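To be precise, the following lines are input.cif, and they hold mmCIF, C-alpha atoms.
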```
data_work
#
loop_
_atom_site.label_atom_id
_atom_site.label_comp_id
_atom_site.auth_asym_id
_atom_site.auth_seq_id
_atom_site.Cartn_x
_atom_site.Cartn_y
_atom_site.Cartn_z
CA MET A 29 7.95 82.13 79.11
CA PRO A 30 6.00 85.40 78.45
CA LYS A 31 5.38 87.57 81.43
CA LYS A 32 2.76 89.94 79.96
CA LEU A 33 -0.44 89.32 78.07
CA ASN A 34 0.83 91.55 75.24
CA ASP A 35 3.93 89.47 74.76
CA GLU A 36 4.00 87.42 71.63
CA ILE A 37 4.65 83.74 71.22
CA THR A 38 6.00 82.33 67.98
CA PHE A 39 4.90 78.90 66.76
CA MET A 40 7.00 77.22 64.06
CA ILE A 41 5.78 74.28 62.06
CA VAL A 42 8.42 72.15 60.35
CA PRO A 43 6.97 69.61 57.88
CA HIS A 44 8.77 66.20 57.74
CA SER A 45 8.32 66.09 54.00
CA GLY A 46 11.03 68.70 53.48
CA HIS A 47 8.78 71.62 52.67
CA THR A 48 9.65 75.08 53.85
CA PRO A 49 8.94 75.60 57.54
CA PHE A 50 6.52 78.33 58.41
CA SER A 51 5.74 80.15 61.62
CA PHE A 52 3.13 82.45 63.10
CA LYS A 53 2.93 84.68 66.11
CA ILE A 54 0.12 85.10 68.61
CA ARG A 55 -0.16 87.18 71.69
CA TRP A 56 -0.07 85.38 74.97
CA GLY A 57 -3.37 86.92 76.13
CA VAL A 58 -5.18 85.77 73.00
CA LEU A 59 -3.84 82.22 73.42
CA VAL A 60 -4.94 82.13 77.04
CA PHE A 61 -8.40 83.37 76.02
CA PHE A 62 -8.85 80.72 73.32
CA LEU A 63 -7.56 77.95 75.58
CA SER A 64 -9.93 79.07 78.33
CA VAL A 65 -12.86 79.12 75.90
CA LEU A 66 -11.99 75.60 74.71
CA PHE A 67 -11.57 74.32 78.27
CA PHE A 68 -14.81 75.75 79.65
CA GLY A 69 -16.65 74.89 76.44
CA ALA A 70 -15.58 71.26 76.85
CA LEU A 71 -16.66 71.34 80.52
CA PHE A 72 -20.06 72.75 79.50
CA VAL A 73 -20.56 70.08 76.86
CA ILE A 74 -19.60 67.32 79.32
CA TRP A 75 -21.87 68.79 82.03
CA THR A 76 -24.76 69.13 79.56
CA PHE A 77 -24.30 65.52 78.46
CA ILE A 78 -24.25 64.27 82.05
CA LEU A 79 -27.32 66.37 82.93
CA ALA A 80 -29.17 65.03 79.89
CA LEU A 81 -28.38 61.47 80.94
CA SER A 82 -29.55 62.19 84.50
CA VAL A 83 -32.81 63.80 83.31
CA ASN A 84 -33.44 60.96 80.90
CA SER A 85 -32.79 58.43 83.67
CA ARG A 86 -35.17 60.23 86.01
CA LEU A 87 -37.81 60.41 83.30
CA SER A 88 -37.43 56.65 82.74
CA ASP A 89 -37.70 56.03 86.50
CA TYR A 90 -40.77 58.24 86.61
CA GLN A 91 -42.41 56.33 83.77
CA ILE A 92 -41.60 53.03 85.47
CA LEU A 93 -42.96 54.27 88.79
CA LYS A 94 -46.05 55.63 87.06
CA PHE A 95 -46.65 52.27 85.40
CA GLN A 96 -46.03 50.39 88.64
CA ASN A 97 -48.37 52.71 90.51
CA ALA A 98 -51.10 52.22 87.92
CA ARG A 99 -50.65 48.46 88.06
CA GLN A 100 -50.64 48.47 91.86
CA SER A 101 -53.80 50.62 91.91
CA GLU A 102 -55.51 48.09 89.64
CA GLU A 103 -54.33 45.23 91.85
CA ILE A 104 -55.65 47.07 94.91
CA ARG A 105 -59.00 47.58 93.18
CA GLN A 106 -59.23 43.91 92.22
CA LEU A 107 -58.19 42.79 95.71
CA LYS A 108 -60.80 45.08 97.23
CA VAL A 109 -63.50 43.63 94.96
CA GLU A 110 -62.37 40.10 95.86
CA SER A 111 -62.26 41.00 99.55
CA GLU A 112 -65.81 42.38 99.52
CA ALA A 113 -67.10 39.36 97.59
CA LEU A 114 -65.47 36.96 100.04
CA LYS A 115 -66.90 38.87 103.00
CA LYS A 116 -70.40 38.52 101.52
CA ASP A 117 -69.83 34.79 100.93
CA ILE A 118 -68.67 34.33 104.52
CA LYS A 119 -71.73 36.17 105.87
CA ARG A 120 -74.03 34.11 103.64
CA LEU A 121 -72.37 30.85 104.71
CA SER A 122 -72.52 31.92 108.34
CA ASP A 123 -76.23 32.71 108.10
CA GLU A 124 -76.93 29.42 106.31
CA GLU A 125 -74.95 27.50 108.92
CA LYS A 126 -76.86 29.17 111.76
CA GLU A 127 -80.16 28.29 110.09
CA LEU A 128 -78.99 24.72 109.51
CA ARG A 129 -77.86 24.37 113.12
CA LYS A 130 -81.21 25.76 114.28
CA ASN A 131 -83.21 23.35 112.12
CA LEU A 132 -81.12 20.37 113.19
CA GLY A 133 -81.00 21.41 116.82
CA ILE A 134 -77.18 21.60 116.76
CA SER A 135 -75.54 24.10 119.08
CA GLU A 136 -71.87 24.98 119.10
CA PRO A 137 -70.36 24.36 122.57
CA SER A 138 -69.40 27.62 124.25
CA ASP A 139 -65.96 26.36 125.27
CA GLN A 140 -65.13 25.28 121.73
CA ASN A 141 -66.53 28.54 120.40
CA SER A 142 -64.28 30.53 122.75
CA LYS A 143 -61.29 28.39 121.80
CA VAL A 144 -61.98 28.90 118.10
CA LYS A 145 -62.34 32.65 118.54
CA SER A 146 -59.09 32.74 120.54
CA ASP A 147 -57.32 30.72 117.86
CA GLN A 148 -58.76 33.01 115.20
CA SER A 149 -57.57 36.13 117.04
CA SER A 150 -54.07 34.70 117.44
CA SER A 151 -53.96 33.65 113.80
CA ILE A 152 -55.22 37.03 112.61
CA GLU A 153 -52.66 38.94 114.71
CA GLY A 154 -49.89 36.67 113.43
CA ILE A 155 -51.08 37.18 109.85
CA ARG A 156 -51.03 40.95 110.26
CA GLN A 157 -47.49 40.92 111.64
CA ASP A 158 -46.25 38.53 108.96
CA ASN A 159 -47.86 40.57 106.18
CA SER A 160 -46.45 43.83 107.56
CA ILE A 161 -42.93 42.39 107.65
CA GLU A 162 -43.31 40.81 104.21
CA LEU A 163 -44.69 43.95 102.61
CA SER A 164 -42.09 46.17 104.32
CA LEU A 165 -39.32 44.06 102.86
CA LEU A 166 -41.01 44.00 99.47
CA PHE A 167 -42.01 47.65 99.13
CA SER A 168 -39.74 49.29 101.74
CA SER A 169 -41.16 52.44 103.30
CA SER A 170 -43.16 53.35 100.19
CA ALA A 171 -45.66 50.50 100.57
CA ASP A 172 -49.24 51.57 99.86
CA PRO A 173 -51.19 51.23 103.14
CA ARG A 174 -54.31 50.35 101.12
CA PHE A 175 -52.53 47.32 99.73
CA ILE A 176 -51.38 46.26 103.19
CA ASN A 177 -54.88 46.62 104.64
CA ILE A 178 -56.52 44.65 101.84
CA LYS A 179 -53.80 42.00 102.02
CA ASN A 180 -54.50 41.67 105.74
CA ASP A 181 -58.26 41.49 105.07
CA LEU A 182 -57.79 38.68 102.55
CA SER A 183 -55.57 36.73 104.94
CA ILE A 184 -58.13 37.13 107.71
CA ILE A 185 -60.89 36.06 105.34
CA ARG A 186 -58.93 32.94 104.40
CA THR A 187 -58.62 32.12 108.11
CA GLN A 188 -62.35 32.65 108.60
CA LEU A 189 -63.12 30.47 105.57
CA SER A 190 -60.91 27.73 106.98
CA TYR A 191 -62.80 27.90 110.28
CA ARG A 192 -66.15 27.97 108.48
CA GLU A 193 -65.15 24.90 106.47
CA ARG A 194 -64.29 22.99 109.65
CA SER A 195 -67.56 24.13 111.21
CA PHE A 196 -69.54 23.02 108.15
CA ASN A 197 -67.83 19.63 108.21
CA GLN A 198 -68.89 19.28 111.83
CA VAL A 199 -72.48 20.21 110.94
CA ALA A 200 -72.43 17.82 107.97
CA GLN A 201 -71.29 14.91 110.14
CA ILE A 202 -73.91 15.65 112.80
CA ALA A 203 -76.57 16.19 110.12
CA LYS A 204 -75.76 12.86 108.49
CA ARG A 205 -76.06 11.12 111.84
CA LYS A 206 -79.32 12.92 112.63
CA ILE A 207 -80.75 12.12 109.19
CA ASN A 208 -80.12 8.46 109.88
CA GLU A 209 -81.67 8.86 113.32
CA TYR A 210 -84.67 10.75 111.96
CA ALA A 211 -85.25 8.09 109.29
CA SER A 212 -85.52 5.50 112.05
CA PHE A 213 -88.24 7.35 113.95
CA PRO A 214 -91.64 5.68 113.20
CA THR A 215 -93.32 8.76 111.77
CA GLY A 216 -94.83 7.07 108.71
CA PHE A 217 -98.27 5.53 108.17
CA PRO A 218 -98.52 1.72 108.14
CA ALA A 219 -100.95 1.24 105.24
CA ASP A 220 -103.00 3.01 102.58
CA GLY A 221 -106.36 2.81 104.26
CA VAL A 222 -108.82 4.29 106.75
CA ILE A 223 -108.45 4.35 110.54
CA THR A 224 -111.38 2.42 111.96
CA SER A 225 -110.28 2.31 115.61
CA TYR A 226 -108.10 4.75 117.54
CA PHE A 227 -105.79 4.42 120.51
CA GLY A 228 -107.35 4.46 124.01
CA TYR A 229 -110.44 3.26 125.86
CA ARG A 230 -113.26 2.01 123.62
CA PRO A 231 -116.68 2.22 125.30
CA ALA A 232 -118.32 0.04 122.64
CA PHE A 233 -115.97 -2.83 123.42
CA GLY A 234 -115.30 -1.93 127.03
CA ASP A 235 -111.55 -2.30 126.62
CA PHE A 236 -108.34 -0.33 126.14
CA HIS A 237 -107.10 -0.34 122.56
CA PRO A 238 -103.24 -0.15 122.57
CA GLY A 239 -102.91 1.03 118.95
CA ILE A 240 -104.83 2.02 115.83
CA ASP A 241 -106.59 -0.15 113.23
CA VAL A 242 -106.16 0.77 109.56
CA ALA A 243 -108.64 -0.98 107.26
CA ALA A 244 -107.70 -1.77 103.67
CA GLY A 245 -108.30 -4.48 101.08
CA TYR A 246 -107.13 -7.98 101.81
CA GLY A 247 -103.51 -8.43 100.62
CA SER A 248 -102.80 -4.68 100.56
CA PRO A 249 -99.18 -3.82 101.47
CA ILE A 250 -98.13 -2.91 104.98
CA TYR A 251 -95.24 -0.44 105.23
CA ALA A 252 -92.46 0.02 107.76
CA THR A 253 -93.06 3.38 109.41
CA GLY A 254 -89.33 3.98 109.92
CA ASP A 255 -85.91 2.45 109.34
CA GLY A 256 -85.07 -0.45 111.62
CA VAL A 257 -84.41 -4.16 112.10
CA VAL A 258 -87.07 -6.89 112.09
CA VAL A 259 -86.93 -8.57 115.51
CA PHE A 260 -90.06 -10.69 115.17
CA ALA A 261 -92.06 -12.18 112.29
CA GLY A 262 -94.54 -14.90 113.23
CA TRP A 263 -97.69 -15.76 115.19
CA TYR A 264 -97.86 -13.30 118.11
CA LEU A 265 -99.97 -14.08 121.17
CA SER A 266 -103.46 -15.44 120.60
CA GLY A 267 -105.39 -12.55 119.13
CA TYR A 268 -102.71 -10.75 117.07
CA GLY A 269 -102.21 -13.44 114.47
CA LEU A 270 -99.29 -13.09 112.06
CA THR A 271 -97.28 -10.12 113.31
CA VAL A 272 -94.11 -8.20 112.41
CA ILE A 273 -92.19 -6.24 115.07
CA ILE A 274 -89.48 -3.74 114.11
CA ASP A 275 -86.84 -2.24 116.41
CA HIS A 276 -86.12 1.35 115.28
CA GLY A 277 -83.57 2.23 117.94
CA ASN A 278 -83.85 5.16 120.33
CA GLY A 279 -86.24 3.02 122.38
CA TYR A 280 -88.88 2.75 119.62
CA GLU A 281 -90.54 -0.48 118.44
CA THR A 282 -93.53 -0.88 116.14
CA LEU A 283 -95.95 -3.79 115.80
CA TYR A 284 -98.03 -4.76 112.71
CA ALA A 285 -100.64 -7.45 113.42
CA HIS A 286 -103.32 -9.54 111.59
CA ASP A 287 -101.07 -9.99 108.53
CA SER A 288 -101.85 -12.47 105.82
CA SER A 289 -98.15 -13.02 104.91
CA PHE A 290 -94.70 -11.54 105.35
CA ALA A 291 -92.30 -9.76 102.97
CA VAL A 292 -89.40 -9.72 105.44
CA LYS A 293 -87.69 -12.05 107.89
CA VAL A 294 -86.16 -11.73 111.36
CA GLY A 295 -82.81 -9.92 111.38
CA GLN A 296 -83.50 -8.09 108.12
CA ARG A 297 -82.81 -4.35 108.04
CA VAL A 298 -85.67 -2.40 106.50
CA LYS A 299 -86.14 1.18 105.30
CA LYS A 300 -89.01 3.55 105.92
CA ASN A 301 -92.01 2.87 103.59
CA GLN A 302 -90.61 -0.55 102.63
CA VAL A 303 -93.28 -3.29 102.25
CA ILE A 304 -92.90 -5.68 105.19
CA ALA A 305 -96.20 -7.65 105.11
CA TYR A 306 -99.70 -7.81 103.65
CA ILE A 307 -103.07 -7.11 105.27
CA GLY A 308 -105.01 -10.18 106.36
CA LEU A 309 -107.51 -11.63 108.78
CA THR A 310 -105.30 -13.69 111.12
CA GLY A 311 -106.00 -13.58 114.85
CA PHE A 312 -109.11 -11.98 116.33
CA THR A 313 -110.48 -9.63 113.67
CA THR A 314 -113.81 -8.70 112.08
CA GLY A 315 -112.35 -7.56 108.76
CA PRO A 316 -109.09 -7.08 106.86
CA HIS A 317 -106.95 -4.45 108.56
CA VAL A 318 -103.58 -3.92 110.22
CA HIS A 319 -103.43 -3.39 113.95
CA TYR A 320 -100.55 -0.94 114.50
CA GLU A 321 -98.82 -0.22 117.81
CA VAL A 322 -95.88 1.99 118.86
CA HIS A 323 -93.81 1.17 121.93
CA HIS A 324 -91.27 3.56 123.49
CA TYR A 325 -88.88 1.90 125.91
CA GLY A 326 -91.42 -0.88 126.45
CA ARG A 327 -94.36 1.43 127.10
CA VAL A 328 -97.20 1.56 124.59
CA ILE A 329 -97.90 5.10 123.31
CA ASN A 330 -100.49 6.67 121.01
CA PRO A 331 -99.30 6.13 117.41
CA MET A 332 -100.99 9.40 116.37
CA SER A 333 -98.49 11.31 118.56
CA VAL A 334 -95.68 9.98 116.38
CA ILE A 335 -97.21 9.70 112.90
CA GLY A 336 -96.26 12.76 110.85
CA ALA A 337 -94.31 14.29 113.74
CA ASN A 338 -91.04 16.19 113.40
CA PRO A 339 -88.33 13.76 114.56
CA ALA A 340 -86.39 16.64 116.10
CA GLU A 341 -89.29 17.19 118.50
CA LEU A 342 -89.68 13.57 119.57
#
```
In structure tokens, how does this file's structure come out?
Amino acid sequence: MPKKLNDEITFMIVPHSGHTPFSFKIRWGVLVFFLSVLFFGALFVIWTFILALSVNSRLSDYQILKFQNARQSEEIRQLKVESEALKKDIKRLSDEEKELRKNLGISEPSDQNSKVKSDQSSSIEGIRQDNSIELSLLFSSSADPRFINIKNDLSIIRTQLSYRERSFNQVAQIAKRKINEYASFPTGFPADGVITSYFGYRPAFGDFHPGIDVAAGYGSPIYATGDGVVVFAGWYLSGYGLTVIIDHGNGYETLYAHDSSFAVKVGQRVKKNQVIAYIGLTGFTTGPHVHYEVHHYGRVINPMSVIGANPAEL
């Protein structure tokens, strides 16, 4: 083992093929230098290779993150557009519902309204918590707060839409019932003719006239002034002649007198403007006409106060 860098080391190479062995000498210092160069050169190559792999990996991660960020930004933009559109739809539906409730005279009970708002607040708070947990798990601490906020907005909007749907269903049911009720109110006109005598005291006759007389040609149709059920069709009292009486519900009944013949029978359900009889001269009359009366809970009222009226105001 050499002890100085200037000492020489002899290397002998003996071929197995039988050729003449040969040898060479090299100083110990030179050998150490070359071995050191080879060793550190190999380390440098390995380190450079590892660094290149790391940089390449980071560049790939950066490209992936850049792509994901661009995609997420586009999703956020689309969600924001959807969120704003849904908010406008909800406001429009809310305004339309308010107008519909106003026109139909439907008010939302305050206790139910408070309960709904309380339920909505609870649902919205729960949605926010659930979405925060879900998004935290999905995106860890790097979640885009814009995405979380829009996600929360959309969840809240879905809750509001669900409530609005239930509210609309309530309005639809009430509206359907009111439409049926309104159709039964006797707001129509009993015949295509001219009023020849109005409701009230008649000085010329010295009596109280409990209805209106509508003159028209003999045999002209008489119409039901509202939906209802025929409760009478026959000779009524002495002066009314052939008469039809319809029960419209809500305390309303209508009477059509002096008919020549009937188009309906007792127990038949009729619709507004349906032909129920024909103008005649039966009973005490000076000419072909229909004597028309309106009774409300058994009390005779002026037909002109009902004809053409808004059922919601009756």
Review point. Near stretch 54-59 of chain A, counting all atoms listed in the file, which residues have an atom at most 6 Å away, once you skip same-chain residues fewer than 2 positions from it, shown as an MDAnalysis selection string?
Key: chainID A and resid 33:37 61:62
Review point. What is the atom CA of A:Glu125 to atom CA of A:Glu110 distance in Å?
Key: 22.1 Å
Exercise for review: Run through the PyMOL selection byres ((chain A and resi 307) around 10) on the given coordinates and return the selected residues as a PyMOL selection string.
Suggested key: chain A and resi 219+242-250+270+284-290+305-306+308-310+315-319
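Put simply, atom CA of A:Phe227 is 27.6 Å away from atom CA of A:Arg297.
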**Study point:** Residues selected by the PyMOL selection byres ((chain A and resi 208-215) around 12), written as number ranges by chain
**Key:** A: 132, 201-207, 216-218, 251-257, 274-283, 297-301, 320-324, 329-342
Review point. What is the distance between atom CA of A:Thr313 and atom CA of A:Val292, in Å to one decimal?
Key: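 Rounded to one decimal, the two atoms are 22.6 Å apart.
Using all atoms listed in the file, the protein and nucleic acid residues lying no more than 10 Å from A:Ser111, apart from those fewer than 3 places from it along its own chain, are Arg105, Gln106, Leu107, Lys108, Leu114, Lys115, Lys116, Asp117, Ile178, Lys179, Asn180, Asp181, Leu182, Ser183, Ile184, Ile185 and Arg186 of chain A.
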